[in-house]
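A.B. asks: Take a look at coords.cif, mmCIF, C-alpha atoms:
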```
data_coords
#
loop_
_atom_site.group_PDB
_atom_site.id
_atom_site.type_symbol
_atom_site.label_atom_id
_atom_site.label_comp_id
_atom_site.auth_asym_id
_atom_site.auth_seq_id
_atom_site.Cartn_x
_atom_site.Cartn_y
_atom_site.Cartn_z
ATOM 1 C CA MET L 1 40.918 -33.393 -10.350
ATOM 2 C CA MET L 2 37.997 -34.403 -12.544
ATOM 3 C CA ASN L 3 34.532 -33.096 -11.863
ATOM 4 C CA ASN L 4 32.334 -36.073 -10.918
ATOM 5 C CA ILE L 5 29.027 -34.184 -10.939
ATOM 6 C CA THR L 6 26.559 -35.976 -13.225
ATOM 7 C CA PRO L 7 24.107 -34.244 -15.598
ATOM 8 C CA GLN L 8 21.267 -35.296 -13.297
ATOM 9 C CA GLN L 9 22.946 -33.644 -10.298
ATOM 10 C CA SER L 10 23.610 -30.417 -12.183
ATOM 11 C CA LEU L 11 20.161 -30.175 -13.787
ATOM 12 C CA ALA L 12 18.256 -28.703 -10.836
ATOM 13 C CA PRO L 13 20.822 -25.981 -9.964
ATOM 14 C CA SER L 14 21.144 -24.995 -13.628
ATOM 15 C CA ILE L 15 17.360 -24.683 -14.101
ATOM 16 C CA THR L 16 17.089 -22.665 -10.900
ATOM 17 C CA ARG L 17 19.902 -20.283 -11.773
ATOM 18 C CA ALA L 18 18.573 -19.679 -15.281
ATOM 19 C CA ALA L 19 15.061 -18.962 -13.978
ATOM 20 C CA SER L 20 15.808 -16.926 -10.841
ATOM 21 C CA LYS L 21 19.210 -15.864 -9.602
ATOM 22 C CA GLN L 22 17.696 -14.661 -6.326
ATOM 23 C CA THR L 23 16.230 -18.103 -5.678
ATOM 24 C CA TYR L 24 19.478 -19.771 -6.711
ATOM 25 C CA TYR L 25 21.611 -17.743 -4.297
ATOM 26 C CA THR L 26 19.019 -17.889 -1.518
ATOM 27 C CA ILE L 27 19.217 -21.680 -1.648
ATOM 28 C CA ARG L 28 22.984 -21.724 -2.017
ATOM 29 C CA PHE L 29 23.719 -19.478 0.953
ATOM 30 C CA LEU L 30 20.707 -19.783 3.274
ATOM 31 C CA ALA L 31 19.302 -23.323 2.931
ATOM 32 C CA ASP L 32 20.317 -25.996 5.434
ATOM 33 C CA ARG L 33 23.456 -27.635 4.019
ATOM 34 C CA GLU L 34 21.983 -31.127 3.969
ATOM 35 C CA ARG L 35 18.914 -29.906 2.084
ATOM 36 C CA VAL L 36 20.460 -27.675 -0.575
ATOM 37 C CA ALA L 37 20.276 -30.285 -3.353
ATOM 38 C CA ASP L 38 16.618 -31.017 -2.628
ATOM 39 C CA ALA L 39 15.815 -27.305 -2.451
ATOM 40 C CA TYR L 40 17.133 -26.904 -5.994
ATOM 41 C CA ARG L 41 15.138 -29.953 -7.095
ATOM 42 C CA ALA L 42 11.952 -28.583 -5.504
ATOM 43 C CA TYR L 43 12.180 -25.275 -7.344
ATOM 44 C CA ALA L 44 13.509 -26.664 -10.620
ATOM 45 C CA TYR L 45 10.919 -29.424 -10.962
ATOM 46 C CA PHE L 46 7.961 -27.059 -10.858
ATOM 47 C CA ARG L 47 9.792 -24.510 -12.976
ATOM 48 C CA TRP L 48 10.083 -27.244 -15.603
ATOM 49 C CA VAL L 49 6.413 -28.257 -15.191
ATOM 50 C CA ASP L 50 5.259 -24.645 -15.508
ATOM 51 C CA ASP L 51 7.425 -23.970 -18.563
ATOM 52 C CA THR L 52 6.225 -27.182 -20.200
ATOM 53 C CA LEU L 53 2.572 -26.289 -19.644
ATOM 54 C CA ASP L 54 3.206 -22.855 -21.171
ATOM 55 C CA ALA L 55 5.108 -24.223 -24.171
ATOM 56 C CA GLU L 56 3.950 -22.940 -27.546
ATOM 57 C CA ASN L 57 3.398 -26.394 -29.006
ATOM 58 C CA PHE L 58 0.757 -27.039 -26.340
ATOM 59 C CA ALA L 59 -0.921 -23.707 -26.988
ATOM 60 C CA GLN L 60 -0.932 -24.242 -30.749
ATOM 61 C CA SER L 61 -2.419 -27.714 -30.487
ATOM 62 C CA GLY L 62 -5.570 -26.243 -28.948
ATOM 63 C CA ALA L 63 -8.306 -24.529 -30.931
ATOM 64 C CA THR L 64 -9.586 -21.002 -30.465
ATOM 65 C CA ARG L 65 -13.318 -20.611 -29.971
ATOM 66 C CA GLN L 66 -15.045 -17.292 -29.224
ATOM 67 C CA GLY L 67 -11.804 -15.739 -28.040
ATOM 68 C CA SER L 68 -10.915 -18.545 -25.612
ATOM 69 C CA VAL L 69 -8.221 -21.146 -25.963
ATOM 70 C CA VAL L 70 -9.567 -24.684 -25.718
ATOM 71 C CA GLU L 71 -7.269 -26.769 -23.574
ATOM 72 C CA ALA L 72 -4.813 -28.847 -25.569
ATOM 73 C CA PRO L 73 -5.188 -32.552 -24.789
ATOM 74 C CA ASP L 74 -1.409 -32.897 -24.592
ATOM 75 C CA ARG L 75 -1.188 -30.235 -21.880
ATOM 76 C CA ILE L 76 -3.796 -31.915 -19.695
ATOM 77 C CA ALA L 77 -2.277 -35.341 -20.317
ATOM 78 C CA PHE L 78 1.110 -34.019 -19.206
ATOM 79 C CA LEU L 79 -0.415 -32.529 -16.064
ATOM 80 C CA GLU L 80 -2.257 -35.745 -15.205
ATOM 81 C CA ARG L 81 0.990 -37.676 -15.610
ATOM 82 C CA GLN L 82 2.731 -35.406 -13.101
ATOM 83 C CA LYS L 83 -0.119 -35.725 -10.611
ATOM 84 C CA SER L 84 -0.073 -39.493 -10.980
ATOM 85 C CA LEU L 85 3.695 -39.552 -10.602
ATOM 86 C CA LEU L 86 3.463 -37.637 -7.312
ATOM 87 C CA GLU L 87 0.887 -40.068 -5.915
ATOM 88 C CA LYS L 88 2.867 -43.116 -7.033
ATOM 89 C CA CYS L 89 5.994 -41.743 -5.403
ATOM 90 C CA TYR L 90 4.260 -41.298 -2.041
ATOM 91 C CA ARG L 91 2.795 -44.796 -2.306
ATOM 92 C CA GLY L 92 6.301 -46.110 -2.782
ATOM 93 C CA GLU L 93 5.636 -47.504 -6.253
ATOM 94 C CA SER L 94 8.465 -48.060 -8.710
ATOM 95 C CA ILE L 95 8.715 -45.577 -11.594
ATOM 96 C CA ARG L 96 10.490 -46.933 -14.667
ATOM 97 C CA ASP L 97 9.783 -44.501 -17.486
ATOM 98 C CA ALA L 98 10.571 -41.187 -15.776
ATOM 99 C CA THR L 99 12.355 -38.412 -17.636
ATOM 100 C CA LEU L 100 15.456 -36.689 -16.285
ATOM 101 C CA GLU L 101 13.272 -33.838 -15.024
ATOM 102 C CA GLU L 102 10.715 -36.162 -13.426
ATOM 103 C CA ASN L 103 13.522 -37.857 -11.541
ATOM 104 C CA MET L 104 13.881 -34.634 -9.559
ATOM 105 C CA LEU L 105 10.424 -35.248 -8.096
ATOM 106 C CA ILE L 106 11.177 -38.913 -7.471
ATOM 107 C CA GLU L 107 14.353 -37.994 -5.574
ATOM 108 C CA LEU L 108 12.488 -35.420 -3.486
ATOM 109 C CA VAL L 109 9.822 -37.861 -2.335
ATOM 110 C CA HIS L 110 12.432 -40.558 -1.758
ATOM 111 C CA HIS L 111 14.191 -38.239 0.708
ATOM 112 C CA ASP L 112 10.963 -37.271 2.512
ATOM 113 C CA HIS L 113 10.720 -39.465 5.605
ATOM 114 C CA GLN L 114 8.485 -37.238 7.732
ATOM 115 C CA LYS L 115 4.709 -37.677 7.855
ATOM 116 C CA ASN L 116 2.841 -34.577 6.647
ATOM 117 C CA SER L 117 6.131 -32.775 6.096
ATOM 118 C CA GLY L 118 6.564 -29.247 4.830
ATOM 119 C CA LEU L 119 7.987 -30.758 1.652
ATOM 120 C CA GLN L 120 4.858 -32.816 1.028
ATOM 121 C CA SER L 121 2.729 -29.717 1.620
ATOM 122 C CA TYR L 122 4.857 -27.852 -0.916
ATOM 123 C CA LEU L 123 4.608 -30.589 -3.553
ATOM 124 C CA ARG L 124 0.868 -31.088 -3.240
ATOM 125 C CA ASN L 125 -0.004 -27.400 -3.103
ATOM 126 C CA MET L 126 2.242 -26.570 -6.049
ATOM 127 C CA MET L 127 0.612 -29.354 -8.046
ATOM 128 C CA HIS L 128 -2.743 -27.675 -7.303
ATOM 129 C CA VAL L 129 -1.263 -24.395 -8.566
ATOM 130 C CA MET L 130 -0.053 -26.022 -11.779
ATOM 131 C CA GLU L 131 -3.444 -27.634 -12.394
ATOM 132 C CA PHE L 132 -5.318 -24.405 -11.711
ATOM 133 C CA ASP L 133 -3.149 -22.491 -14.187
ATOM 134 C CA ALA L 134 -3.472 -25.176 -16.845
ATOM 135 C CA ARG L 135 -7.249 -25.227 -16.603
ATOM 136 C CA ARG L 136 -7.919 -21.478 -16.283
ATOM 137 C CA ARG L 137 -6.286 -20.589 -19.595
ATOM 138 C CA GLY L 138 -8.658 -18.623 -21.782
ATOM 139 C CA ARG L 139 -11.407 -18.019 -19.230
ATOM 140 C CA LEU L 140 -12.316 -15.535 -16.535
ATOM 141 C CA ILE L 141 -12.493 -16.964 -13.036
ATOM 142 C CA SER L 142 -14.101 -15.852 -9.783
ATOM 143 C CA GLN L 143 -12.508 -14.035 -6.867
ATOM 144 C CA THR L 144 -13.135 -17.107 -4.718
ATOM 145 C CA GLU L 145 -11.107 -19.208 -7.158
ATOM 146 C CA PHE L 146 -8.337 -16.613 -7.125
ATOM 147 C CA ASN L 147 -8.243 -16.660 -3.316
ATOM 148 C CA GLU L 148 -7.927 -20.438 -3.308
ATOM 149 C CA TYR L 149 -5.204 -20.240 -5.956
ATOM 150 C CA THR L 150 -3.253 -17.702 -3.896
ATOM 151 C CA HIS L 151 -3.647 -19.790 -0.742
ATOM 152 C CA TRP L 152 -2.195 -22.865 -2.473
ATOM 153 C CA LEU L 153 0.772 -20.861 -3.710
ATOM 154 C CA ALA L 154 1.366 -19.087 -0.399
ATOM 155 C CA SER L 155 1.129 -22.347 1.554
ATOM 156 C CA ALA L 156 3.543 -24.070 -0.814
ATOM 157 C CA VAL L 157 6.222 -21.370 -0.778
ATOM 158 C CA THR L 158 5.996 -20.766 2.983
ATOM 159 C CA GLU L 159 6.185 -24.440 3.915
ATOM 160 C CA ALA L 160 9.087 -24.957 1.515
ATOM 161 C CA MET L 161 10.958 -22.036 3.104
ATOM 162 C CA HIS L 162 10.554 -23.526 6.575
ATOM 163 C CA TYR L 163 11.418 -27.029 5.368
ATOM 164 C CA PHE L 164 14.637 -26.047 3.628
ATOM 165 C CA ILE L 165 15.806 -23.183 5.851
ATOM 166 C CA GLY L 166 16.082 -23.776 9.594
ATOM 167 C CA HIS L 167 13.872 -26.848 9.561
ATOM 168 C CA ASP L 168 14.641 -27.674 13.212
ATOM 169 C CA SER L 169 13.838 -24.165 14.448
ATOM 170 C CA TYR L 170 10.604 -22.802 15.890
ATOM 171 C CA ALA L 171 8.057 -20.970 13.727
ATOM 172 C CA GLN L 172 4.505 -20.126 14.696
ATOM 173 C CA HIS L 173 1.489 -21.753 13.084
ATOM 174 C CA ASN L 174 -1.101 -19.005 13.078
ATOM 175 C CA GLU L 175 -3.238 -16.836 10.818
ATOM 176 C CA THR L 176 -0.264 -14.760 9.690
ATOM 177 C CA ARG L 177 1.951 -17.657 8.573
ATOM 178 C CA TYR L 178 1.177 -17.354 4.856
ATOM 179 C CA LEU L 179 0.486 -13.632 4.538
ATOM 180 C CA ALA L 180 3.935 -12.461 3.405
ATOM 181 C CA VAL L 181 3.813 -14.787 0.401
ATOM 182 C CA THR L 182 0.140 -13.956 -0.163
ATOM 183 C CA GLY L 183 1.127 -10.311 -0.566
ATOM 184 C CA ALA L 184 3.930 -11.309 -2.910
ATOM 185 C CA HIS L 185 1.582 -13.365 -5.081
ATOM 186 C CA ILE L 186 -0.995 -10.568 -5.318
ATOM 187 C CA THR L 187 1.783 -8.192 -6.415
ATOM 188 C CA HIS L 188 3.268 -10.748 -8.797
ATOM 189 C CA MET L 189 -0.058 -11.171 -10.589
ATOM 190 C CA LEU L 190 -0.435 -7.405 -11.007
ATOM 191 C CA ARG L 191 3.101 -7.160 -12.393
ATOM 192 C CA ASP L 192 2.567 -9.958 -14.918
ATOM 193 C CA THR L 193 -0.889 -8.859 -16.101
ATOM 194 C CA PHE L 194 0.089 -8.183 -19.720
ATOM 195 C CA ASP L 195 2.450 -11.137 -20.147
ATOM 196 C CA ASP L 196 -0.172 -13.473 -18.714
ATOM 197 C CA MET L 197 -2.908 -12.046 -20.941
ATOM 198 C CA GLN L 198 -0.837 -12.850 -24.013
ATOM 199 C CA ALA L 199 -0.622 -16.451 -22.812
ATOM 200 C CA GLY L 200 -4.376 -16.616 -22.175
ATOM 201 C CA TYR L 201 -4.378 -16.041 -18.413
ATOM 202 C CA TYR L 202 -6.542 -13.244 -16.979
ATOM 203 C CA ASN L 203 -5.432 -12.030 -13.562
ATOM 204 C CA ILE L 204 -8.638 -10.178 -12.771
ATOM 205 C CA PRO L 205 -11.801 -11.864 -11.447
ATOM 206 C CA ARG L 206 -14.975 -11.863 -13.475
ATOM 207 C CA GLU L 207 -16.919 -10.043 -10.712
ATOM 208 C CA VAL L 208 -14.979 -6.854 -11.475
ATOM 209 C CA PHE L 209 -16.464 -6.632 -14.939
ATOM 210 C CA GLY L 210 -20.110 -6.529 -13.839
ATOM 211 C CA ASP L 211 -21.779 -3.708 -15.761
ATOM 212 C CA ALA L 212 -18.501 -1.938 -16.545
ATOM 213 C CA HIS L 213 -18.540 -3.092 -20.199
ATOM 214 C CA MET L 214 -14.790 -3.571 -20.336
ATOM 215 C CA GLN L 215 -12.327 -6.145 -21.598
ATOM 216 C CA PRO L 216 -9.495 -7.781 -19.628
ATOM 217 C CA GLN L 217 -6.983 -5.503 -21.349
ATOM 218 C CA ASP L 218 -8.797 -2.258 -20.394
ATOM 219 C CA VAL L 219 -6.362 -1.384 -17.614
ATOM 220 C CA GLN L 220 -7.199 2.337 -17.783
ATOM 221 C CA ASN L 221 -10.882 1.705 -17.093
ATOM 222 C CA LYS L 222 -12.070 3.292 -13.839
ATOM 223 C CA ALA L 223 -13.413 -0.002 -12.481
ATOM 224 C CA TYR L 224 -10.178 -1.788 -13.371
ATOM 225 C CA ARG L 225 -8.061 0.867 -11.644
ATOM 226 C CA ALA L 226 -10.261 0.740 -8.546
ATOM 227 C CA TRP L 227 -9.761 -3.006 -8.380
ATOM 228 C CA VAL L 228 -5.969 -2.614 -8.765
ATOM 229 C CA ARG L 229 -5.995 -0.063 -5.943
ATOM 230 C CA SER L 230 -7.825 -2.513 -3.670
ATOM 231 C CA ARG L 231 -5.265 -5.236 -4.491
ATOM 232 C CA VAL L 232 -2.352 -2.903 -3.753
ATOM 233 C CA GLN L 233 -3.868 -2.025 -0.377
ATOM 234 C CA LEU L 234 -4.505 -5.688 0.414
ATOM 235 C CA ALA L 235 -0.938 -6.623 -0.531
ATOM 236 C CA ARG L 236 0.397 -3.911 1.797
ATOM 237 C CA GLU L 237 -1.680 -5.316 4.662
ATOM 238 C CA CYS L 238 -0.377 -8.789 3.898
ATOM 239 C CA PHE L 239 3.239 -7.619 3.902
ATOM 240 C CA GLN L 240 2.799 -5.762 7.177
ATOM 241 C CA ALA L 241 1.237 -8.751 8.928
ATOM 242 C CA GLY L 242 3.705 -11.081 7.224
ATOM 243 C CA ARG L 243 6.672 -9.138 8.551
ATOM 244 C CA ARG L 244 5.300 -9.466 12.073
ATOM 245 C CA TYR L 245 5.197 -13.221 11.570
ATOM 246 C CA LEU L 246 8.679 -13.389 10.046
ATOM 247 C CA ALA L 247 10.134 -11.334 12.883
ATOM 248 C CA ARG L 248 9.154 -14.128 15.273
ATOM 249 C CA VAL L 249 10.708 -16.922 13.231
ATOM 250 C CA GLU L 250 13.507 -18.364 15.340
ATOM 251 C CA ASN L 251 16.038 -19.150 12.602
ATOM 252 C CA PRO L 252 17.883 -15.992 11.422
ATOM 253 C CA ARG L 253 18.539 -17.421 7.933
ATOM 254 C CA CYS L 254 14.838 -18.117 7.502
ATOM 255 C CA ARG L 255 13.950 -14.614 8.679
ATOM 256 C CA LEU L 256 16.416 -13.133 6.192
ATOM 257 C CA ALA L 257 15.050 -15.229 3.339
ATOM 258 C CA GLY L 258 11.495 -14.166 4.177
ATOM 259 C CA PHE L 259 12.312 -10.470 4.413
ATOM 260 C CA ALA L 260 14.288 -10.605 1.156
ATOM 261 C CA TYR L 261 11.417 -12.386 -0.594
ATOM 262 C CA THR L 262 8.878 -9.726 0.377
ATOM 263 C CA ALA L 263 11.274 -6.889 -0.505
ATOM 264 C CA ARG L 264 11.477 -8.400 -3.984
ATOM 265 C CA PHE L 265 7.863 -7.306 -4.546
ATOM 266 C CA GLU L 266 7.135 -4.413 -2.176
ATOM 267 C CA TRP L 267 8.861 -1.755 -4.269
ATOM 268 C CA LEU L 268 6.410 -2.433 -7.106
ATOM 269 C CA LEU L 269 3.413 -1.381 -5.007
ATOM 270 C CA ASP L 270 4.842 2.134 -4.724
ATOM 271 C CA THR L 271 5.372 2.258 -8.493
ATOM 272 C CA ILE L 272 1.812 1.169 -9.277
ATOM 273 C CA GLU L 273 0.445 3.684 -6.786
ATOM 274 C CA GLN L 274 2.520 6.531 -8.205
ATOM 275 C CA GLU L 275 1.230 5.731 -11.710
ATOM 276 C CA GLY L 276 -2.420 6.028 -10.719
ATOM 277 C CA TYR L 277 -3.025 2.278 -10.503
ATOM 278 C CA ILE L 278 -2.682 1.892 -14.271
ATOM 279 C CA LEU L 279 -0.774 -1.304 -14.974
ATOM 280 C CA ARG L 280 1.805 -1.345 -17.756
ATOM 281 C CA PRO L 281 3.187 -4.126 -19.988
ATOM 282 C CA ALA L 282 6.592 -4.332 -18.303
ATOM 283 C CA TYR L 283 8.422 -3.252 -15.163
ATOM 284 C CA SER L 284 11.942 -3.721 -16.452
ATOM 285 C CA GLU L 285 13.401 -1.536 -13.696
ATOM 286 C CA ARG L 286 13.101 -4.491 -11.340
ATOM 287 C CA LYS L 287 16.386 -5.723 -12.837
ATOM 288 C CA SER L 288 18.186 -2.398 -12.367
ATOM 289 C CA PHE L 289 20.899 -1.672 -9.833
ATOM 290 C CA GLY L 290 18.738 0.983 -8.190
ATOM 291 C CA THR L 291 15.853 -1.396 -7.616
ATOM 292 C CA GLY L 292 18.240 -4.051 -6.339
ATOM 293 C CA LEU L 293 19.656 -1.539 -3.869
ATOM 294 C CA ARG L 294 16.148 -0.594 -2.784
ATOM 295 C CA MET L 295 15.268 -4.247 -2.186
ATOM 296 C CA GLY L 296 18.404 -4.608 -0.084
ATOM 297 C CA LEU L 297 17.525 -1.546 1.987
ATOM 298 C CA LEU L 298 13.961 -2.782 2.498
ATOM 299 C CA THR L 299 15.321 -6.114 3.705
ATOM 300 C CA LEU L 300 17.776 -4.404 6.045
ATOM 301 C CA ALA L 301 15.078 -2.110 7.395
ATOM 302 C CA SER L 302 12.823 -5.088 8.116
ATOM 303 C CA ILE L 303 15.604 -6.843 10.018
ATOM 304 C CA ILE L 304 16.373 -3.748 12.103
ATOM 305 C CA ASN L 305 12.779 -2.680 12.760
ATOM 306 C CA TRP L 306 11.575 -6.104 13.812
ATOM 307 C CA ARG L 307 14.675 -7.231 15.707
ATOM 308 C CA GLY L 308 14.112 -8.674 19.147
ATOM 309 C CA ILE L 309 10.362 -9.206 18.825
ATOM 310 C CA LYS L 310 9.145 -12.197 20.817
ATOM 311 C CA PRO L 311 6.277 -14.569 19.978
ATOM 312 C CA ILE L 312 2.768 -13.607 21.066
ATOM 313 C CA PRO L 313 -0.084 -16.058 21.698
ATOM 314 C CA GLN L 314 -2.673 -14.566 19.329
ATOM 315 C CA PRO L 315 -1.773 -12.373 16.325
ATOM 316 C CA VAL L 316 -4.000 -9.460 15.388
ATOM 317 C CA VAL L 317 -5.385 -9.946 11.886
ATOM 318 C CA SER L 318 -7.715 -7.509 10.089
ATOM 319 C CA GLN L 319 -11.090 -8.594 8.705
ATOM 320 C CA SER L 320 -9.901 -8.189 5.105
ATOM 321 C CA LEU L 321 -7.047 -10.625 5.725
ATOM 322 C CA ARG L 322 -9.309 -13.119 7.471
ATOM 323 C CA LYS L 323 -11.256 -13.482 4.205
ATOM 324 C CA LEU L 324 -8.222 -14.710 2.272
#
```
Could you write out this file's structure as structure tokens?
C.D. replies:
Amino acid sequence: MMNNITPQQSLAPSITRAASKQTYYTIRFLADRERVADAYRAYAYFRWVDDTLDAENFAQSGATRQGSVVEAPDRIAFLERQKSLLEKCYRGESIRDATLEENMLIELVHHDHQKNSGLQSYLRNMMHVMEFDARRRGRLISQTEFNEYTHWLASAVTEAMHYFIGHDSYAQHNETRYLAVTGAHITHMLRDTFDDMQAGYYNIPREVFGDAHMQPQDVQNKAYRAWVRSRVQLARECFQAGRRYLARVENPRCRLAGFAYTARFEWLLDTIEQEGYILRPAYSERKSFGTGLRMGLLTLASIINWRGIKPIPQPVVSQSLRKL
């Protein structure tokens, strides 16, 4: 029998699988059956946007001035087009000149019939994330800006998880809802410090520099290491509080997806701690069998340790987490 899947239908799964096998299989096996195709579109669209914004031709079309990359007009124009496309889609306007990749966004909004849905929250927050990244290239930003950036990302990923996995099931709306992904994003930024620096993104706030007389690449500097230590501790707090939240999510597939997502990053905190909070250019062991096994065991331990926990009216959140 002939395969009737069109290139447009296969685009989103293929982008997702090439970018993240964990995401691909999480969607394939854990997402609600009727929302699998849109889950692939949701991930793949922003993967395409992010890759396009990071493309070398955009970077090369900008000028370098005093060590900073001036934003390429083409990059900003592309971003503004995507923002405009999102707004037009939600206004129900007809889009005639969309690319194959942009049609993924159009399809997503077309299928969104719920007011203030988790999908709309995902799309709008991820667009904020894309814009923030595009505009921060080549400059140091404040801790307040970083916190806002992390909140957009954590809100987007969490709401997408609940929208695509067990969307009809109960999940609390409280202060701990976004903390698991917040911890993951803090860890992710530490892991990608060197790769991001090469692309012009500095994952350390300007307040850390103060009178330390250091550069963004001075990862062995005492002040830099102290800041990394504080981020590791904060991420651990986020994961702990996040697991308490996930344990009370009604849908077992959603709980599993959440625990697996956090386990994907938690192992790295131990590594950074063991190495004296000195970041390194690559953590290639994350792709090893041993690390994969460790992630699996962390996920299993979370499921066992938090099994049977019932919802509580008010979660206990530390002062440091309240500031996020």
A.B. asks: Compute the distance from (10.2, -23.1, -13.2) to each atom, counting all atoms listed in the file, keep the residues with any atom at most 8 Å away, and return them as a list of chain:residue names; use the coordinates of the file.
C.D. replies: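 Returned residue set, sorted by chain then number, is L:Ile15, L:Thr16, L:Ala19, L:Tyr43, L:Ala44, L:Tyr45, L:Phe46, L:Arg47, L:Trp48, L:Val49, L:Asp50, L:Asp51.
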A.B. asks: Which of these residues is nearest to Ala223 of chain L, using all atoms listed in the file: L:Ala257, L:Glu207, L:Phe194, L:Ser10?
C.D. replies: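 Result for the nearest residue to Ala223 of chain L: L:Glu207.
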A.B. asks: Rank L:Ala226, L:Ala134, L:Met189, L:Leu179 by their smallest atom-to-atom distance to Phe239 of chain L, using only C-alpha atoms, and report the top residue only.
C.D. replies: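 The shortest atom-to-atom distance to Phe239 of chain L comes from L:Leu179.
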A.B. asks: Rank nothing, just name the residue among L:Glu107, L:Phe164, L:Ser117, L:Ile204 nearest to Phe146 of chain L, using only C-alpha atoms.
C.D. replies: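 Among the listed residues, the smallest separation from Phe146 of chain L belongs to L:Ile204.
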A.B. asks: Residues at most 8 Å from Met161 of chain L, counting only C-alpha atoms, excluding those fewer than 2 positions away in the same chain, as an MDAnalysis selection string?
C.D. replies: chainID L and resid 157:159 163:165 254 257:258
A.B. asks: Name every residue that the PyMOL selection byres ((chain L and resi 267-273) around 9) selects in this structure, writing the answer as a list in words with chains first and numbers rising.
C.D. replies: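 This file gives the following for the PyMOL selection byres ((chain L and resi 267-273) around 9): Thr187, Arg191, Val228, Arg229, Val232, Gln233, Ala235, Arg236, Ala263, Arg264, Phe265, Glu266, Gln274, Glu275, Gly276, Tyr277, Ile278, Leu279, Arg280, Tyr283, Arg286, Thr291, Arg294, Met295 and Leu298 of chain L.
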A.B. asks: Apply the PyMOL selection byres ((chain L and resi 41) around 8) to the displayed file and report the matching residues as a ChimeraX atom specification.
C.D. replies: /L:12-13,37-40,42-45,104-105,108
A.B. asks: Which residue is closest to Ser142 of chain L? Choose from L:Arg206, L:Arg75, L:Lys115, L:Arg231 and count only C-alpha atoms.
C.D. replies: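 Checking each candidate against Ser142 of chain L, we get L:Arg206 as the closest.
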A.B. asks: What is the atom CA of Thr26 of chain L-atom CA of Met127 of chain L distance in Å, reported with one decimal?
C.D. replies: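 Computing the Euclidean distance for atom CA of Thr26 of chain L and atom CA of Met127 of chain L yields 22.6 Å.
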A.B. asks: Quick one, how far is atom CA of His151 of chain L from atom CA of Met214 of chain L?
C.D. replies: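 So the two atoms, atom CA of His151 of chain L and atom CA of Met214 of chain L, lie 27.8 Å apart.
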A.B. asks: Taking into account all atoms listed in the file, which residue in the set L:Asp54, L:Leu190, L:Tyr24, L:Asp97 is nearest to Met130 of chain L?
C.D. replies: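 Once distances to Met130 of chain L are computed over all atoms listed in the file, the minimum belongs to L:Asp54.
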A.B. asks: Can you work out the spacing between atom CA of Ser121 of chain L and atom CA of Pro73 of chain L in Å, to one decimal?
C.D. replies: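 Result for atom CA of Ser121 of chain L versus atom CA of Pro73 of chain L: 27.7 Å, one decimal.
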A.B. asks: Could you state which residues are captured by the PyMOL selection byres ((chain L and resi 84) around 12) in this file, as a PyMOL selection string?
C.D. replies: chain L and resi 77-83+85-91+93+95+98+102+105-106+124+127
A.B. asks: So, with all atoms listed in the file as the atoms that count, which of L:Tyr170, L:Ala55, L:Leu256, L:Ala180 lies closest to Ile27 of chain L?
C.D. replies: L:Leu256
A.B. asks: If we count all atoms listed in the file, what is near Pro205 of chain L at a cut-off of 9 Å, once residues fewer than 5 positions away on the same chain are taken out, given as a PyMOL selection string?
C.D. replies: chain L and resi 140-146
A.B. asks: I need segment 235-260 of chain L written out with C-alpha atoms, as a short mmCIF file (atom, residue, chain, number, x, y, z; two decimals), in the first residue's frame; please produce it.
C.D. replies:
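Dumped everything to selection_39.cif:
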```
data_model
loop_
_atom_site.label_atom_id
_atom_site.label_comp_id
_atom_site.auth_asym_id
_atom_site.auth_seq_id
_atom_site.Cartn_x
_atom_site.Cartn_y
_atom_site.Cartn_z
CA ALA L 235 18.23 24.69 40.28
CA ARG L 236 18.22 21.96 42.95
CA GLU L 237 15.56 23.85 44.91
CA CYS L 238 13.51 24.25 41.75
CA PHE L 239 13.72 20.54 40.95
CA GLN L 240 12.74 19.56 44.48
CA ALA L 241 9.70 21.85 44.52
CA GLY L 242 8.91 20.91 40.93
CA ARG L 243 8.82 17.22 41.76
CA ARG L 244 6.32 17.92 44.53
CA TYR L 245 4.12 19.63 41.96
CA LEU L 246 4.51 16.87 39.38
CA ALA L 247 3.67 14.20 41.94
CA ARG L 248 0.22 15.77 42.28
CA VAL L 249 -0.50 15.90 38.56
CA GLU L 250 -3.44 13.59 37.96
CA ASN L 251 -2.45 12.16 34.57
CA PRO L 252 0.25 9.44 34.90
CA ARG L 253 1.64 10.09 31.40
CA CYS L 254 2.07 13.76 32.23
CA ARG L 255 3.78 12.91 35.51
CA LEU L 256 6.16 10.57 33.69
CA ALA L 257 6.97 13.18 31.05
CA GLY L 258 7.69 15.77 33.75
CA PHE L 259 9.92 13.49 35.80
CA ALA L 260 11.81 12.39 32.68
#
```
